[in-house]
Every structure is written in C-alpha cells, then in structure tokens.
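A.B. asks: Sending over model-v5.cif (mmCIF, C-alpha atoms).
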data_model
#
loop_
_atom_site.label_atom_id
_atom_site.label_comp_id
_atom_site.auth_asym_id
_atom_site.auth_seq_id
_atom_site.Cartn_x
_atom_site.Cartn_y
_atom_site.Cartn_z
CA MET A 1 2.99 2.40 -14.63
CA TRP A 2 4.85 3.03 -11.41
CA MET A 3 2.37 5.76 -10.46
CA ILE A 4 -0.50 3.34 -10.95
CA ALA A 5 1.38 0.68 -9.00
CA LEU A 6 1.96 3.18 -6.16
CA TYR A 7 -1.73 4.04 -6.09
CA ILE A 8 -2.67 0.34 -5.97
CA PHE A 9 -0.10 -0.24 -3.21
CA ILE A 10 -1.56 2.56 -1.08
CA LEU A 11 -5.04 1.21 -1.78
CA GLY A 12 -3.84 -2.22 -0.61
CA LEU A 13 -2.43 -0.73 2.60
CA VAL A 14 -5.74 0.97 3.38
CA PHE A 15 -7.79 -2.13 2.59
CA GLY A 16 -5.33 -4.25 4.57
CA SER A 17 -5.99 -2.08 7.62
CA PHE A 18 -9.72 -2.57 7.16
CA PHE A 19 -9.27 -6.33 6.67
CA ASN A 20 -7.52 -6.47 10.04
CA VAL A 21 -10.64 -5.01 11.63
CA VAL A 22 -12.93 -7.46 9.81
CA GLY A 23 -10.76 -10.46 10.70
CA LEU A 24 -10.62 -9.49 14.37
CA ARG A 25 -14.24 -8.41 14.88
CA VAL A 26 -16.45 -10.65 12.76
CA PRO A 27 -15.50 -13.89 14.62
CA LYS A 28 -16.60 -12.14 17.84
CA ASN A 29 -19.88 -10.99 16.25
CA GLN A 30 -18.84 -7.35 16.63
CA SER A 31 -19.63 -4.50 14.26
CA ILE A 32 -16.87 -3.62 11.80
CA VAL A 33 -17.77 0.09 11.89
CA SER A 34 -18.57 0.75 15.54
CA PRO A 35 -17.02 1.40 17.99
CA PRO A 36 -14.00 3.14 16.40
CA SER A 37 -10.59 1.53 16.73
CA SER A 38 -9.07 1.74 20.20
CA CYS A 39 -6.12 0.44 22.18
CA PRO A 40 -6.86 -3.08 23.50
CA GLY A 41 -4.82 -2.23 26.61
CA CYS A 42 -6.29 1.06 27.88
CA GLY A 43 -9.32 1.41 25.60
CA ASN A 44 -8.17 4.83 24.37
CA ARG A 45 -9.74 5.77 21.05
CA LEU A 46 -7.07 5.96 18.37
CA ALA A 47 -6.58 9.28 16.61
CA PRO A 48 -6.37 9.46 12.80
CA LYS A 49 -2.57 9.88 13.05
CA ASP A 50 -2.42 6.55 14.89
CA LEU A 51 -4.25 4.74 12.09
CA VAL A 52 -1.94 5.36 9.13
CA PRO A 53 -1.16 1.86 7.78
CA VAL A 54 2.34 0.58 8.64
CA TRP A 55 3.73 4.07 9.25
CA SER A 56 1.88 4.61 12.57
CA TYR A 57 3.21 1.30 13.89
CA ILE A 58 6.78 2.31 13.00
CA TRP A 59 6.38 5.86 14.34
CA LEU A 60 4.93 4.64 17.65
CA LYS A 61 7.54 1.87 17.87
CA GLY A 62 4.83 -0.75 18.17
CA LYS A 63 3.32 0.75 21.33
CA CYS A 64 0.17 2.62 22.34
CA ARG A 65 0.76 6.38 22.48
CA ARG A 66 -1.10 6.65 25.80
CA CYS A 67 -0.42 3.54 27.90
CA GLY A 68 2.62 2.05 26.18
CA ALA A 69 0.99 -1.34 25.64
CA LYS A 70 2.52 -3.33 22.81
CA ILE A 71 0.67 -3.38 19.50
CA SER A 72 0.57 -6.72 17.69
CA PRO A 73 2.87 -6.80 14.65
CA LEU A 74 0.06 -8.66 12.90
CA TYR A 75 -1.48 -5.29 11.99
CA PRO A 76 1.40 -3.80 9.95
CA VAL A 77 2.39 -7.18 8.53
CA MET A 78 -1.06 -7.79 7.04
CA GLU A 79 -1.31 -4.20 5.80
CA LEU A 80 2.06 -4.46 4.05
CA LEU A 81 1.36 -7.92 2.62
CA THR A 82 -1.99 -6.80 1.25
CA GLY A 83 -0.42 -3.77 -0.40
CA LEU A 84 2.39 -5.82 -1.93
CA MET A 85 0.03 -8.54 -3.16
CA PHE A 86 -2.27 -5.97 -4.76
CA VAL A 87 0.68 -4.59 -6.73
CA PHE A 88 1.90 -8.10 -7.59
CA ALA A 89 -1.54 -9.00 -8.97
CA PHE A 90 -1.59 -5.82 -11.05
CA TYR A 91 1.78 -6.60 -12.63
CA GLN A 92 0.80 -10.22 -13.25
CA ILE A 93 -2.61 -9.54 -14.80
CA GLY A 94 -2.74 -5.90 -15.89
CA PHE A 95 -5.96 -4.05 -16.64
CA ASP A 96 -8.41 -6.91 -17.02
CA CYS A 97 -11.60 -8.15 -15.37
CA GLU A 98 -9.54 -10.97 -13.90
CA LEU A 99 -7.65 -8.40 -11.84
CA LEU A 100 -10.80 -7.82 -9.79
CA VAL A 101 -11.00 -11.56 -9.12
CA ALA A 102 -7.36 -11.61 -8.01
CA LEU A 103 -7.76 -8.61 -5.70
CA THR A 104 -10.90 -10.11 -4.19
CA LEU A 105 -9.12 -13.42 -3.60
CA ILE A 106 -6.22 -11.63 -1.89
CA SER A 107 -8.72 -9.69 0.22
CA LEU A 108 -10.46 -12.88 1.33
CA PHE A 109 -7.16 -14.44 2.37
CA ALA A 110 -6.09 -11.33 4.26
CA ILE A 111 -9.24 -11.54 6.38
CA ILE A 112 -9.24 -15.28 7.01
CA THR A 113 -5.51 -15.26 7.80
CA VAL A 114 -6.15 -12.75 10.59
CA SER A 115 -9.23 -14.54 11.95
CA ASP A 116 -7.74 -18.03 11.75
CA TRP A 117 -4.41 -16.93 13.22
CA LYS A 118 -6.09 -15.10 16.09
CA TYR A 119 -9.10 -17.29 16.88
CA MET A 120 -8.72 -20.50 14.81
CA ILE A 121 -11.97 -19.52 13.07
CA ILE A 122 -12.86 -18.91 9.43
CA PRO A 123 -16.20 -17.06 9.70
CA ASP A 124 -19.13 -18.28 7.58
CA LYS A 125 -20.31 -14.68 7.13
CA VAL A 126 -17.05 -13.75 5.43
CA LEU A 127 -17.12 -16.81 3.16
CA LEU A 128 -20.73 -16.16 2.12
CA VAL A 129 -20.10 -12.51 1.25
CA PHE A 130 -17.04 -13.35 -0.80
CA LEU A 131 -18.75 -16.26 -2.54
CA LEU A 132 -21.49 -13.88 -3.74
CA ILE A 133 -18.84 -11.44 -4.97
CA PHE A 134 -16.98 -14.21 -6.81
CA ILE A 135 -20.20 -15.39 -8.47
CA VAL A 136 -20.73 -11.89 -9.87
CA GLU A 137 -17.09 -11.53 -10.93
CA ARG A 138 -16.94 -14.93 -12.60
CA THR A 139 -20.00 -13.89 -14.63
CA PHE A 140 -17.84 -11.25 -16.31
CA ALA A 141 -14.54 -13.15 -16.14
CA PRO A 142 -15.58 -16.82 -16.46
CA LEU A 143 -13.29 -19.80 -16.42
CA SER A 144 -13.00 -21.89 -19.57
CA PRO A 145 -15.29 -23.79 -19.64
CA TRP A 146 -17.58 -21.71 -17.45
CA TYR A 147 -18.89 -24.73 -15.53
CA ASP A 148 -15.38 -25.44 -14.26
CA SER A 149 -16.26 -23.07 -11.42
CA LEU A 150 -19.16 -25.30 -10.36
CA ILE A 151 -17.10 -28.49 -10.66
CA GLY A 152 -14.21 -26.91 -8.77
CA SER A 153 -16.46 -25.66 -5.98
CA ALA A 154 -18.16 -29.03 -5.50
CA SER A 155 -14.83 -30.89 -5.70
CA GLY A 156 -13.11 -28.60 -3.20
CA PHE A 157 -15.94 -28.91 -0.71
CA LEU A 158 -16.36 -32.68 -1.06
CA LEU A 159 -12.62 -33.39 -0.94
CA LEU A 160 -12.20 -31.57 2.37
CA TRP A 161 -15.46 -33.00 3.71
CA ALA A 162 -14.25 -36.55 2.95
CA ILE A 163 -10.91 -35.85 4.64
CA ALA A 164 -12.73 -34.51 7.70
CA ILE A 165 -14.85 -37.68 7.89
CA ILE A 166 -11.90 -40.03 7.42
CA SER A 167 -9.69 -38.15 9.86
CA ARG A 168 -12.58 -37.76 12.33
CA GLY A 169 -12.39 -34.02 12.67
CA GLY A 170 -8.87 -33.46 11.40
CA MET A 171 -10.18 -30.74 9.11
CA GLY A 172 -12.23 -27.81 10.35
CA GLY A 173 -15.62 -26.84 8.97
CA GLY A 174 -14.29 -23.44 7.96
CA ASP A 175 -11.54 -25.05 5.88
CA ILE A 176 -14.10 -27.25 4.12
CA LYS A 177 -16.30 -24.32 3.14
CA LEU A 178 -13.29 -22.21 2.23
CA PHE A 179 -12.17 -24.77 -0.32
CA GLY A 180 -15.66 -24.75 -1.76
CA VAL A 181 -15.25 -21.01 -2.36
CA ILE A 182 -11.70 -21.45 -3.68
CA GLY A 183 -12.88 -24.10 -6.13
CA TYR A 184 -15.39 -21.68 -7.60
CA VAL A 185 -12.60 -19.20 -8.29
CA VAL A 186 -9.85 -21.50 -9.63
CA GLY A 187 -11.75 -24.51 -11.01
CA LEU A 188 -11.06 -28.24 -10.64
CA LYS A 189 -7.33 -28.37 -11.44
CA GLY A 190 -6.73 -25.21 -9.48
CA VAL A 191 -8.45 -26.39 -6.30
CA LEU A 192 -6.68 -29.76 -6.35
CA LEU A 193 -3.31 -28.05 -6.79
CA SER A 194 -4.27 -25.53 -4.13
CA PHE A 195 -4.99 -28.29 -1.63
CA PHE A 196 -1.75 -30.12 -2.41
CA LEU A 197 0.37 -26.99 -2.05
CA SER A 198 -1.45 -25.89 1.12
CA ALA A 199 -0.98 -29.30 2.75
CA PHE A 200 2.66 -29.48 1.67
CA ILE A 201 3.55 -26.00 2.91
CA GLY A 202 1.57 -26.52 6.12
CA SER A 203 3.33 -29.84 6.79
CA ILE A 204 6.78 -28.32 6.27
CA ALA A 205 5.94 -25.40 8.55
CA GLY A 206 4.47 -27.73 11.18
CA ILE A 207 7.52 -29.99 11.21
CA ALA A 208 9.84 -26.99 11.39
CA GLY A 209 7.78 -25.57 14.26
CA ILE A 210 8.00 -28.83 16.20
CA ILE A 211 11.76 -29.03 15.68
CA VAL A 212 12.36 -25.52 17.00
CA GLY A 213 9.85 -25.99 19.82
CA LYS A 214 7.29 -23.44 18.65
CA VAL A 215 4.55 -25.97 17.85
CA ASN A 216 3.02 -28.50 20.24
CA ARG A 217 1.88 -31.73 18.61
CA GLN A 218 -1.19 -31.78 20.83
CA ASN A 219 -2.40 -28.36 19.73
CA PRO A 220 -3.66 -27.69 16.19
CA ILE A 221 -2.16 -24.87 14.16
CA PRO A 222 -4.25 -22.57 11.97
CA PHE A 223 -4.43 -23.96 8.43
CA GLY A 224 -5.91 -20.79 6.91
CA PRO A 225 -2.60 -18.97 6.31
CA PHE A 226 -1.19 -22.02 4.51
CA ILE A 227 -4.33 -22.31 2.41
CA ALA A 228 -3.80 -18.66 1.45
CA VAL A 229 -0.21 -19.25 0.35
CA GLY A 230 -0.97 -22.51 -1.46
CA THR A 231 -3.99 -21.11 -3.28
CA LEU A 232 -2.27 -17.93 -4.41
CA LEU A 233 0.61 -20.02 -5.77
CA ALA A 234 -1.90 -22.20 -7.62
CA TYR A 235 -3.80 -19.16 -8.88
CA PHE A 236 -0.83 -17.24 -10.24
CA TYR A 237 1.51 -20.10 -11.18
CA GLY A 238 -0.75 -23.13 -11.53
CA ASN A 239 -0.11 -23.80 -15.20
CA GLN A 240 3.65 -23.40 -14.85
CA LEU A 241 3.75 -25.72 -11.83
CA LEU A 242 1.63 -28.37 -13.56
CA ASN A 243 3.69 -28.18 -16.76
CA TRP A 244 6.88 -28.54 -14.73
CA TYR A 245 5.44 -31.52 -12.85
CA TRP A 246 4.34 -33.34 -16.01
CA SER A 247 7.69 -32.63 -17.66
CA LEU A 248 9.34 -34.78 -15.01
CA PHE A 249 7.56 -37.82 -16.47
CA THR A 250 8.04 -37.01 -20.16
CA HIS A 251 11.82 -36.69 -20.30
#
Just give me the structure as structure tokens.
C.D. replies:
Amino acid sequence: MWMIALYIFILGLVFGSFFNVVGLRVPKNQSIVSPPSSCPGCGNRLAPKDLVPVWSYIWLKGKCRRCGAKISPLYPVMELLTGLMFVFAFYQIGFDCELLVALTLISLFAIITVSDWKYMIIPDKVLLVFLLIFIVERTFAPLSPWYDSLIGSASGFLLLWAIAIISRGGMGGGDIKLFGVIGYVVGLKGVLLSFFLSAFIGSIAGIAGIIVGKVNRQNPIPFGPFIAVGTLLAYFYGNQLLNWYWSLFTH
C-alpha cells in the first residue's frame, strides 16, 4: 500500500505544479501550455531541473538560479498540499469510483485557491470544465438518491445568490457559481454544511488577521481557500460532523 501511496503522492506533486500554472494563467487569459515556465523577474526560461515539484524550490533556496529573484512559496506549498491531499483521499476512500471524484474535487480547489489568492478571481472557464467532469463522474458514482446532485447544485447556487443580493455584493460571482458546482458533488446536506464551515473558518481567519494587523477591514480577503477547506471537511467528514452536532441535542 505504501508504494501505491508514494506513487499517488508523486502524481499529486506533479499535478499540483500544473495546477499552479492553470491558476496563475487562466485568469489572465493566457495559454496553459505556451510559453514554457519562466522566471517572473528576468524572464529566463526554466530548465527541467528547476521544475521538479517542491525539491527545486528547496534546492534553489526559493530564488531564481539566474537573477536571484525570490520565488513565491505559493508554488511548493500548493504542490505539497495537492500531493498530501491525494494520498489522504486514497486512504480515506480506497480503490473506488468515488476516489476519482475526490481527486477531481481536490484538483479544482488547488486551482481556485491559487487564482483567488493571487487575483481574487475564480475563473468561469475552470468551473465549467470541472462541472462537466463531475457530471460524468457522478454518472458512475452517483449520490443516493441520484437527484441529490441536482438539488444540491441548485441550492448552493441560489443560497449564495440570495446572500449576494441581500449583502449587496458581499459575495462574489465566482463564489456563487463555485457553490453550484460544489452542490452537484456533495448534495444538499453537503453543500449547506460546506457553506457553514467555509463561513465559520473564514470568519475566524479574518478576525485573527485583523487582530494581528494582517487584514484591513476595508479590503476583502479571498474566500476561495476557505471554501476549499470547508468543503473538503464536509466531503470527508460530513456525516461524522452532522451526527456529532445532532448528538448535542439528544443527550
């Protein structure tokens, strides 16, 4: 099993590197295949040895080999997180069609975390591609009942849309559409729990950021990373969390 887990981890590192490229280029309407990766400081094309996930960042001490410009730690962090989450999903689910759903969900969140963190944008193109993939995957690994995907998708979209109307723009259009996609994957209960956890975690992080002076109340913070954390918690531990919550009222 550990050999399989190692293979999945390496696969996650490689995909994580690619997801960095997608998250950084798609919001700027750039190709994800051309031009090849280069240093943002001097424009030098990166050699294959500079593109090894995580290791190249450590070996180069976070700097460009040619000009010495600092490389954002976002790159190795997302590569490592993607690899770890791929392995985590494998150990949680095992060899099952649902594993493909989990890996696709992690992949989506890796991309939108990068794009939202960097540009405060969750690209429609990314959401559309992943929605189509989820529709195919849920055909082979449907929720029970199968129409829970449709109810969850509509509920997630309408809930965020209503909040955006009431708050007069307090919720971005990308967040609204993202919850529509999330609802299709996790269903009605899952998307409601996902929203609650995302809002709760985001609020705690926002308050902590204000206290330590890292967050300005006048400037919005990207909600995408908190949606990722909240949704993955709901996806992997939703039933346990709901059972724990209801147990508080039955004892």
A.B. asks: List every residue of segment 57-118 of chain A that has an atom at most 10 Å from any atom of segment 227-232 of chain A, giving for each one its closest atom pair and the distance in Å to one decimal, counting only C-alpha atoms, sorted by chain and then by ascending residue number, as JSON lines.
C.D. replies:
{"residue": "A:Met85", "atom": "CA", "partner": "A:Leu232", "partner_atom": "CA", "distance": 9.7}
{"residue": "A:Ala102", "atom": "CA", "partner": "A:Leu232", "partner_atom": "CA", "distance": 8.9}
{"residue": "A:Leu105", "atom": "CA", "partner": "A:Leu232", "partner_atom": "CA", "distance": 8.2}
{"residue": "A:Ile106", "atom": "CA", "partner": "A:Leu232", "partner_atom": "CA", "distance": 7.9}
{"residue": "A:Leu108", "atom": "CA", "partner": "A:Ala228", "partner_atom": "CA", "distance": 8.8}
{"residue": "A:Phe109", "atom": "CA", "partner": "A:Ala228", "partner_atom": "CA", "distance": 5.5}
{"residue": "A:Ala110", "atom": "CA", "partner": "A:Ala228", "partner_atom": "CA", "distance": 8.2}
{"residue": "A:Ile112", "atom": "CA", "partner": "A:Ala228", "partner_atom": "CA", "distance": 8.5}
{"residue": "A:Thr113", "atom": "CA", "partner": "A:Ala228", "partner_atom": "CA", "distance": 7.4}
A.B. asks: Any idea what the distance is between atom CA of Ser144 of chain A and atom CA of Gly187 of chain A?
C.D. replies: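 Between atom CA of Ser144 of chain A and atom CA of Gly187 of chain A the gap works out to 9.0 Å.
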A.B. asks: List the neighbours of Phe9 of chain A out to 12 Å using only C-alpha atoms; skip same-chain residues closer than 3 positions along the sequence, and give me the result as a list in words.
C.D. replies: Trp2, Met3, Ile4, Ala5, Leu6, Gly12, Leu13, Val14, Phe15, Gly16, Pro53, Glu79, Leu80, Leu81, Thr82, Gly83, Leu84, Met85, Phe86, Val87, Phe88, Ala89, Phe90, Tyr91 and Leu103 of chain A
A.B. asks: List every protein, DNA or RNA residue that has at least one atom no more than 10 Å from (-1.5, -28.1, -6.1) in the file's coordinates, counting only C-alpha atoms, and write the result as number ranges by chain.
C.D. replies: A: 189-200, 230-231, 233-235, 237-238, 241-242
A.B. asks: How would the residues just chosen look if you wrote them out with C-alpha atoms as a PDB file, keeping the file's coordinate frame?
C.D. replies:
ATOM      1  CA  LYS A 189      -7.330 -28.370 -11.440  1.00  0.00           C
ATOM      2  CA  GLY A 190      -6.730 -25.210  -9.480  1.00  0.00           C
ATOM      3  CA  VAL A 191      -8.450 -26.390  -6.300  1.00  0.00           C
ATOM      4  CA  LEU A 192      -6.680 -29.760  -6.350  1.00  0.00           C
ATOM      5  CA  LEU A 193      -3.310 -28.050  -6.790  1.00  0.00           C
ATOM      6  CA  SER A 194      -4.270 -25.530  -4.130  1.00  0.00           C
ATOM      7  CA  PHE A 195      -4.990 -28.290  -1.630  1.00  0.00           C
ATOM      8  CA  PHE A 196      -1.750 -30.120  -2.410  1.00  0.00           C
ATOM      9  CA  LEU A 197       0.370 -26.990  -2.050  1.00  0.00           C
ATOM     10  CA  SER A 198      -1.450 -25.890   1.120  1.00  0.00           C
ATOM     11  CA  ALA A 199      -0.980 -29.300   2.750  1.00  0.00           C
ATOM     12  CA  PHE A 200       2.660 -29.480   1.670  1.00  0.00           C
ATOM     13  CA  GLY A 230      -0.970 -22.510  -1.460  1.00  0.00           C
ATOM     14  CA  THR A 231      -3.990 -21.110  -3.280  1.00  0.00           C
ATOM     15  CA  LEU A 233       0.610 -20.020  -5.770  1.00  0.00           C
ATOM     16  CA  ALA A 234      -1.900 -22.200  -7.620  1.00  0.00           C
ATOM     17  CA  TYR A 235      -3.800 -19.160  -8.880  1.00  0.00           C
ATOM     18  CA  TYR A 237       1.510 -20.100 -11.180  1.00  0.00           C
ATOM     19  CA  GLY A 238      -0.750 -23.130 -11.530  1.00  0.00           C
ATOM     20  CA  LEU A 241       3.750 -25.720 -11.830  1.00  0.00           C
ATOM     21  CA  LEU A 242       1.630 -28.370 -13.560  1.00  0.00           C
TER      22      LEU A 242
END
A.B. asks: Selection in question (the file shown): the PyMOL selection byres ((chain A and resi 122) around 6). Which residues does it include, as an mmCIF file with C-alpha atoms, in the coordinates of the input?
C.D. replies:
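And here is the file that came out, result.cif:
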data_model
loop_
_atom_site.group_PDB
_atom_site.id
_atom_site.type_symbol
_atom_site.label_atom_id
_atom_site.label_comp_id
_atom_site.auth_asym_id
_atom_site.auth_seq_id
_atom_site.Cartn_x
_atom_site.Cartn_y
_atom_site.Cartn_z
ATOM 1 C CA ILE A 112 -9.240 -15.280 7.010
ATOM 2 C CA ASP A 116 -7.740 -18.030 11.750
ATOM 3 C CA ILE A 121 -11.970 -19.520 13.070
ATOM 4 C CA PRO A 123 -16.200 -17.060 9.700
ATOM 5 C CA GLY A 174 -14.290 -23.440 7.960
#
A.B. asks: Determine the residue membership of the PyMOL selection byres ((chain A and resi 185) around 12) for the file above and supply it as number ranges by chain.
C.D. replies: A: 98, 100-106, 108, 130-139, 141-144, 146-154, 156, 178-184, 186-191, 194, 231-232, 234-235
A.B. asks: When the PyMOL selection byres ((chain A and resi 47) around 12) is applied to the file above, which residues end up in the set, as number ranges by chain?
C.D. replies: A: 36-39, 44-46, 48-52, 56, 64-66
A.B. asks: Could you check how far atom CA of Leu24 of chain A sits from atom CA of Gly173 of chain A, in Å to one decimal?
C.D. replies: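 Computing it gives 18.8 Å between the two atoms.
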A.B. asks: For a quick check of understanding, using all atoms listed in the file, which of A:Val129, A:Ser203, A:Ile211, A:Pro220 has the smallest distance to Met171 of chain A?
C.D. replies: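 Smallest distance to Met171 of chain A is found for A:Pro220.
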A.B. asks: With all heavy atoms as the goal, would you fill in the gaps in segment 208-219 of chain A and present it as a PDB file, in the coordinates of the input?
C.D. replies:
ATOM      1  N   ALA A 208       8.820 -27.961  10.979  1.00  0.00           N
ATOM      2  CA  ALA A 208       9.840 -26.990  11.390  1.00  0.00           C
ATOM      3  C   ALA A 208       9.495 -26.397  12.755  1.00  0.00           C
ATOM      4  O   ALA A 208      10.382 -26.206  13.603  1.00  0.00           O
ATOM      5  CB  ALA A 208       9.957 -25.883  10.348  1.00  0.00           C
ATOM      6  N   GLY A 209       8.212 -26.115  12.980  1.00  0.00           N
ATOM      7  CA  GLY A 209       7.780 -25.570  14.260  1.00  0.00           C
ATOM      8  C   GLY A 209       8.005 -26.526  15.407  1.00  0.00           C
ATOM      9  O   GLY A 209       8.388 -26.126  16.512  1.00  0.00           O
ATOM     10  N   ILE A 210       7.769 -27.811  15.162  1.00  0.00           N
ATOM     11  CA  ILE A 210       8.000 -28.830  16.200  1.00  0.00           C
ATOM     12  C   ILE A 210       9.482 -28.934  16.519  1.00  0.00           C
ATOM     13  O   ILE A 210       9.891 -29.032  17.686  1.00  0.00           O
ATOM     14  CB  ILE A 210       7.447 -30.192  15.731  1.00  0.00           C
ATOM     15  CG1 ILE A 210       5.918 -30.144  15.664  1.00  0.00           C
ATOM     16  CG2 ILE A 210       7.901 -31.306  16.672  1.00  0.00           C
ATOM     17  CD1 ILE A 210       5.287 -31.384  15.068  1.00  0.00           C
ATOM     18  N   ILE A 211      10.308 -28.907  15.485  1.00  0.00           N
ATOM     19  CA  ILE A 211      11.760 -29.030  15.680  1.00  0.00           C
ATOM     20  C   ILE A 211      12.311 -27.894  16.526  1.00  0.00           C
ATOM     21  O   ILE A 211      13.149 -28.105  17.418  1.00  0.00           O
ATOM     22  CB  ILE A 211      12.482 -29.084  14.308  1.00  0.00           C
ATOM     23  CG1 ILE A 211      12.129 -30.386  13.580  1.00  0.00           C
ATOM     24  CG2 ILE A 211      13.998 -28.963  14.487  1.00  0.00           C
ATOM     25  CD1 ILE A 211      12.683 -30.469  12.175  1.00  0.00           C
ATOM     26  N   VAL A 212      11.840 -26.670  16.248  1.00  0.00           N
ATOM     27  CA  VAL A 212      12.360 -25.520  17.000  1.00  0.00           C
ATOM     28  C   VAL A 212      11.588 -25.272  18.290  1.00  0.00           C
ATOM     29  O   VAL A 212      11.892 -24.333  19.033  1.00  0.00           O
ATOM     30  CB  VAL A 212      12.341 -24.240  16.124  1.00  0.00           C
ATOM     31  CG1 VAL A 212      13.185 -24.435  14.890  1.00  0.00           C
ATOM     32  CG2 VAL A 212      10.909 -23.848  15.751  1.00  0.00           C
ATOM     33  N   GLY A 213      10.586 -26.096  18.567  1.00  0.00           N
ATOM     34  CA  GLY A 213       9.850 -25.990  19.820  1.00  0.00           C
ATOM     35  C   GLY A 213       8.766 -24.956  19.862  1.00  0.00           C
ATOM     36  O   GLY A 213       8.275 -24.600  20.941  1.00  0.00           O
ATOM     37  N   LYS A 214       8.339 -24.460  18.702  1.00  0.00           N
ATOM     38  CA  LYS A 214       7.290 -23.440  18.650  1.00  0.00           C
ATOM     39  C   LYS A 214       5.899 -24.033  18.470  1.00  0.00           C
ATOM     40  O   LYS A 214       4.901 -23.348  18.641  1.00  0.00           O
ATOM     41  CB  LYS A 214       7.581 -22.458  17.514  1.00  0.00           C
ATOM     42  CG  LYS A 214       8.856 -21.647  17.684  1.00  0.00           C
ATOM     43  CD  LYS A 214       8.762 -20.717  18.870  1.00  0.00           C
ATOM     44  CE  LYS A 214      10.002 -19.828  18.979  1.00  0.00           C
ATOM     45  NZ  LYS A 214       9.915 -18.892  20.123  1.00  0.00           N
ATOM     46  N   VAL A 215       5.839 -25.313  18.094  1.00  0.00           N
ATOM     47  CA  VAL A 215       4.550 -25.970  17.850  1.00  0.00           C
ATOM     48  C   VAL A 215       4.447 -27.209  18.731  1.00  0.00           C
ATOM     49  O   VAL A 215       5.382 -28.019  18.800  1.00  0.00           O
ATOM     50  CB  VAL A 215       4.409 -26.371  16.368  1.00  0.00           C
ATOM     51  CG1 VAL A 215       3.123 -27.166  16.146  1.00  0.00           C
ATOM     52  CG2 VAL A 215       4.419 -25.129  15.476  1.00  0.00           C
ATOM     53  N   ASN A 216       3.311 -27.334  19.413  1.00  0.00           N
ATOM     54  CA  ASN A 216       3.020 -28.500  20.240  1.00  0.00           C
ATOM     55  C   ASN A 216       2.186 -29.480  19.437  1.00  0.00           C
ATOM     56  O   ASN A 216       1.169 -29.113  18.860  1.00  0.00           O
ATOM     57  CB  ASN A 216       2.269 -28.068  21.513  1.00  0.00           C
ATOM     58  CG  ASN A 216       2.116 -29.204  22.498  1.00  0.00           C
ATOM     59  OD1 ASN A 216       1.967 -30.368  22.119  1.00  0.00           O
ATOM     60  ND2 ASN A 216       2.162 -28.861  23.778  1.00  0.00           N
ATOM     61  N   ARG A 217       2.611 -30.730  19.400  1.00  0.00           N
ATOM     62  CA  ARG A 217       1.880 -31.730  18.610  1.00  0.00           C
ATOM     63  C   ARG A 217       0.443 -31.904  19.055  1.00  0.00           C
ATOM     64  O   ARG A 217      -0.409 -32.345  18.288  1.00  0.00           O
ATOM     65  CB  ARG A 217       2.603 -33.075  18.686  1.00  0.00           C
ATOM     66  CG  ARG A 217       3.995 -33.081  18.059  1.00  0.00           C
ATOM     67  CD  ARG A 217       4.554 -34.470  18.020  1.00  0.00           C
ATOM     68  NE  ARG A 217       5.906 -34.497  17.460  1.00  0.00           N
ATOM     69  CZ  ARG A 217       6.574 -35.620  17.205  1.00  0.00           C
ATOM     70  NH1 ARG A 217       6.028 -36.794  17.468  1.00  0.00           N
ATOM     71  NH2 ARG A 217       7.796 -35.568  16.693  1.00  0.00           N
ATOM     72  N   GLN A 218       0.160 -31.593  20.317  1.00  0.00           N
ATOM     73  CA  GLN A 218      -1.190 -31.780  20.830  1.00  0.00           C
ATOM     74  C   GLN A 218      -2.133 -30.658  20.455  1.00  0.00           C
ATOM     75  O   GLN A 218      -3.351 -30.808  20.527  1.00  0.00           O
ATOM     76  CB  GLN A 218      -1.134 -31.902  22.373  1.00  0.00           C
ATOM     77  CG  GLN A 218      -0.204 -32.996  22.874  1.00  0.00           C
ATOM     78  CD  GLN A 218      -0.573 -34.369  22.348  1.00  0.00           C
ATOM     79  OE1 GLN A 218      -1.757 -34.711  22.276  1.00  0.00           O
ATOM     80  NE2 GLN A 218       0.426 -35.155  21.972  1.00  0.00           N
ATOM     81  N   ASN A 219      -1.575 -29.515  20.058  1.00  0.00           N
ATOM     82  CA  ASN A 219      -2.400 -28.360  19.730  1.00  0.00           C
ATOM     83  C   ASN A 219      -2.412 -28.105  18.232  1.00  0.00           C
ATOM     84  O   ASN A 219      -1.344 -28.050  17.607  1.00  0.00           O
ATOM     85  CB  ASN A 219      -1.875 -27.104  20.453  1.00  0.00           C
ATOM     86  CG  ASN A 219      -1.941 -27.250  21.962  1.00  0.00           C
ATOM     87  OD1 ASN A 219      -2.873 -27.844  22.493  1.00  0.00           O
ATOM     88  ND2 ASN A 219      -0.940 -26.716  22.654  1.00  0.00           N
TER      89      ASN A 219
END
